[in-house]
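Engineer: Got a structure for you, entry.csv, holding CSV, C-alpha atoms.
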chain,number,residue,atom,x,y,z
B,251,MET,CA,-7.0,42.2,56.9
B,252,VAL,CA,-10.7,41.8,57.5
B,253,ARG,CA,-12.5,44.4,59.5
B,254,PRO,CA,-14.6,43.4,62.5
B,255,ALA,CA,-17.8,44.3,60.7
B,256,GLY,CA,-16.7,42.2,57.7
B,257,ARG,CA,-15.9,39.3,60.0
B,258,ARG,CA,-19.3,39.4,61.5
B,259,ALA,CA,-21.0,39.4,58.1
B,260,LEU,CA,-18.8,36.5,57.0
B,261,ARG,CA,-19.7,34.5,60.2
B,262,GLU,CA,-23.4,35.2,59.5
B,263,ALA,CA,-23.2,34.0,55.9
B,264,VAL,CA,-21.3,30.8,56.9
B,265,GLY,CA,-23.9,30.2,59.7
B,266,GLN,CA,-26.7,30.6,57.2
B,267,VAL,CA,-25.2,28.1,54.9
B,268,VAL,CA,-24.7,25.6,57.7
B,269,GLU,CA,-28.3,26.1,58.8
B,270,MET,CA,-29.5,25.4,55.3
B,271,ILE,CA,-27.5,22.2,55.0
B,272,LYS,CA,-28.9,21.1,58.4
B,273,ARG,CA,-32.4,21.8,57.4
B,274,LEU,CA,-32.0,19.8,54.1
B,275,LEU,CA,-30.5,16.9,55.8
B,276,SER,CA,-33.1,16.8,58.6
B,277,ASN,CA,-36.0,17.2,56.1
B,278,ALA,CA,-34.6,14.5,53.7
B,279,SER,CA,-35.5,11.7,56.2
B,280,GLY,CA,-33.6,8.5,55.2
B,281,TRP,CA,-33.8,8.6,51.4
B,282,LEU,CA,-31.3,11.3,50.5
B,283,ILE,CA,-28.1,9.6,51.6
B,284,PRO,CA,-28.9,6.2,50.0
B,285,ALA,CA,-29.9,8.0,46.8
B,286,LEU,CA,-26.7,10.0,46.7
B,287,LEU,CA,-24.7,6.8,47.5
B,288,GLY,CA,-26.6,5.0,44.7
B,289,ILE,CA,-25.9,7.8,42.2
B,290,THR,CA,-22.2,7.9,43.2
B,291,VAL,CA,-21.9,4.1,42.8
B,292,PHE,CA,-23.6,4.3,39.4
B,293,ALA,CA,-21.4,7.1,38.3
B,294,GLY,CA,-18.3,5.1,39.4
B,295,MET,CA,-19.5,2.1,37.4
B,296,GLN,CA,-20.1,4.2,34.3
B,297,ALA,CA,-16.7,5.8,34.6
B,298,ARG,CA,-15.1,2.4,34.9
B,299,ASN,CA,-17.0,1.1,31.9
B,300,TYR,CA,-16.0,4.1,29.8
B,301,ALA,CA,-12.4,3.7,30.9
B,302,LEU,CA,-12.5,0.0,29.7
B,303,GLN,CA,-14.1,1.0,26.4
B,304,LEU,CA,-11.4,3.7,25.9
B,305,SER,CA,-8.7,1.2,26.6
B,306,ALA,CA,-10.1,-1.3,24.1
B,307,THR,CA,-10.5,1.5,21.5
B,308,GLU,CA,-6.9,2.7,22.0
B,309,THR,CA,-5.7,-0.9,21.6
B,310,ARG,CA,-7.7,-1.3,18.3
B,311,LEU,CA,-6.4,2.0,17.1
B,312,ALA,CA,-2.8,1.1,17.8
B,313,ARG,CA,-3.3,-2.2,16.0
B,314,ALA,CA,-4.9,-0.4,13.0
B,315,TYR,CA,-1.9,2.0,12.8
B,316,ASP,CA,0.5,-1.0,12.8
B,317,GLN,CA,-1.5,-2.6,10.0
B,318,VAL,CA,-1.4,0.7,8.0
B,319,GLU,CA,2.3,0.9,8.4
B,320,ILE,CA,2.7,-2.7,7.2
B,321,LEU,CA,0.5,-2.2,4.2
B,322,GLN,CA,2.2,1.0,3.3
B,323,ALA,CA,5.6,-0.7,3.4
B,324,HIS,CA,4.3,-3.5,1.3
B,325,GLN,CA,2.8,-1.1,-1.2
B,326,GLN,CA,6.1,0.7,-1.4
B,327,TRP,CA,7.9,-2.6,-2.1
B,328,GLN,CA,5.4,-3.4,-4.8
B,329,ARG,CA,5.9,0.0,-6.4
B,330,GLU,CA,9.7,-0.6,-6.4
B,331,GLN,CA,9.2,-4.0,-8.0
B,332,ILE,CA,6.9,-2.6,-10.7
B,333,ASP,CA,9.5,0.2,-11.4
B,334,ARG,CA,12.3,-2.5,-11.7
B,335,ILE,CA,10.2,-4.7,-13.9
B,336,SER,CA,9.1,-1.7,-16.1
B,337,ALA,CA,12.8,-0.6,-16.5
B,338,VAL,CA,13.8,-4.2,-17.5
B,339,LEU,CA,10.9,-4.5,-19.9
B,340,ALA,CA,11.7,-1.1,-21.5
B,341,PHE,CA,15.3,-2.1,-21.9
B,342,ARG,CA,14.2,-5.5,-23.4
B,343,ASP,CA,11.8,-3.7,-25.8
B,344,GLU,CA,14.6,-1.4,-27.0
B,345,GLN,CA,16.9,-4.4,-27.4
B,346,VAL,CA,14.3,-6.3,-29.4
B,347,THR,CA,13.6,-3.3,-31.6
B,348,ARG,CA,17.4,-2.9,-32.3
B,349,ASP,CA,17.7,-6.6,-33.0
B,350,ASN,CA,14.7,-6.5,-35.4
B,351,GLU,CA,16.2,-3.5,-37.2
B,352,LEU,CA,19.6,-5.3,-37.5
B,353,VAL,CA,17.9,-8.5,-38.9
B,354,ASP,CA,15.9,-6.3,-41.4
B,355,MET,CA,19.2,-4.6,-42.5
B,356,MET,CA,20.9,-8.0,-42.9
B,357,ARG,CA,18.0,-9.4,-44.9
B,358,ALA,CA,18.0,-6.2,-47.1
B,359,THR,CA,21.8,-6.6,-47.6
B,360,ALA,CA,21.4,-10.3,-48.5
B,361,ALA,CA,18.6,-9.5,-51.0
B,362,GLN,CA,20.7,-6.7,-52.5
B,363,LEU,CA,23.7,-9.1,-52.7
B,364,GLU,CA,21.6,-11.7,-54.5
B,365,ARG,CA,20.4,-9.1,-57.0
B,366,ASP,CA,23.9,-7.6,-57.6
B,367,ASP,CA,26.3,-10.5,-57.3
B,368,ALA,CA,25.9,-13.3,-59.9
B,369,SER,CA,27.9,-16.0,-57.9
B,370,THR,CA,25.8,-15.2,-54.8
B,371,ARG,CA,22.6,-15.5,-56.8
B,372,ASP,CA,23.7,-18.8,-58.2
B,373,TRP,CA,24.6,-20.1,-54.7
B,374,ALA,CA,21.2,-18.9,-53.3
B,375,ASP,CA,19.3,-20.7,-56.0
B,376,GLN,CA,20.9,-24.1,-55.1
B,377,PRO,CA,18.9,-26.4,-52.9
B,378,VAL,CA,19.9,-26.5,-49.2
B,379,PRO,CA,21.5,-29.8,-48.0
B,380,GLY,CA,19.1,-32.0,-46.0
B,381,ALA,CA,21.1,-31.9,-42.7
B,382,VAL,CA,21.2,-28.1,-42.9
B,383,GLY,CA,17.5,-27.8,-43.8
B,384,GLU,CA,16.6,-30.1,-40.8
B,385,TRP,CA,18.8,-28.1,-38.5
B,386,LEU,CA,17.2,-24.8,-39.7
B,387,ARG,CA,13.7,-26.3,-39.2
B,388,GLU,CA,14.6,-27.3,-35.6
B,389,PHE,CA,16.2,-24.0,-34.9
B,390,THR,CA,13.2,-22.0,-36.1
B,391,GLU,CA,10.8,-24.3,-34.2
B,392,ASP,CA,12.8,-23.7,-31.0
B,393,ASP,CA,12.8,-20.0,-31.8
B,394,ASP,CA,9.0,-20.0,-32.3
B,395,ARG,CA,8.4,-21.9,-29.0
B,396,ALA,CA,10.6,-19.4,-27.1
B,397,GLY,CA,8.8,-16.5,-28.8
B,398,ASP,CA,5.4,-17.9,-27.7
B,399,ASP,CA,6.5,-18.0,-24.1
B,400,GLY,CA,7.2,-14.3,-24.2
B,401,ALA,CA,4.3,-13.3,-26.4
B,402,GLY,CA,2.8,-10.0,-25.5
B,403,ARG,CA,5.5,-8.9,-23.1
B,404,SER,CA,6.4,-5.8,-25.1
B,405,GLU,CA,2.8,-4.7,-25.1
B,406,ALA,CA,2.4,-5.3,-21.4
B,407,SER,CA,5.4,-3.1,-20.6
B,408,ALA,CA,3.7,-0.2,-22.3
B,409,ASP,CA,0.8,-0.5,-20.0
B,410,ALA,CA,2.8,-0.9,-16.8
B,411,PRO,CA,2.7,2.1,-14.4
B,412,ARG,CA,5.9,4.1,-14.1
Take the structure from the file and write it as structure tokens.

Structural biologist:
Amino acid sequence: MVRPAGRRALREAVGQVVEMIKRLLSNASGWLIPALLGITVFAGMQARNYALQLSATETRLARAYDQVEILQAHQQWQREQIDRISAVLAFRDEQVTRDNELVDMMRATAAQLERDDASTRDWADQPVPGAVGEWLREFTEDDDRAGDDGAGRSEASADAPR
């Protein structure tokens, strides 16, 4: 509860503030109110302009986030494809290596057989029949063409990221 002396002091302070405002308004002739109104309108226009800029920026930011998500999903898909291709090429390289080792073993066995077995040596020294020779030439040409299509694949798989 405010005491009577405190109420009087409060009334006097409020009265002084009101008097000050009256003096300012009476001394400001006609220019203060239009100036304040102009400042208020300008501030409102600036606030509206900033709100529009903020909205446009938020829209661009949302679009950029969407694009980032799309690009990250595509990048993940590409990584998965690279991993699959690398695994397939690694398997192919292992298979080619095993096949080459098997062919080398068969050639070594055939050479050994020609050296050790007289009837095999005699058979190997005979000329190849024309039809068989032609078939072998076509077969090796087809093999060479197929080999050219896949040339360098085993080296490329070694460079592929894993």

Engineer: Enter the distance from atom CA of Arg395 of chain B to atom CA of Val346 of chain B, in Å, rounded to one decimal.

Structural biologist: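 Interatomic distance here is 16.7 Å.
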
Engineer: Tell me, in Å to one decimal, how far atom CA of Ala360 of chain B is from atom CA of Phe341 of chain B.

Structural biologist: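 Between these atoms lies a distance of 28.5 Å.
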
Engineer: Measure the distance from atom CA of Asp394 of chain B to atom CA of Asp349 of chain B in Å and round it to one decimal.

Structural biologist: 16.0 Å

Engineer: Between B:Gln317, B:Gln345, B:Ala374, B:Gly288, which has the minimum distance to Ala361 of chain B (counting all atoms listed in the file)?

Structural biologist: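 Going through B:Gln317, B:Gln345, B:Ala374, B:Gly288 one by one, the smallest distance to Ala361 of chain B is for B:Ala374.
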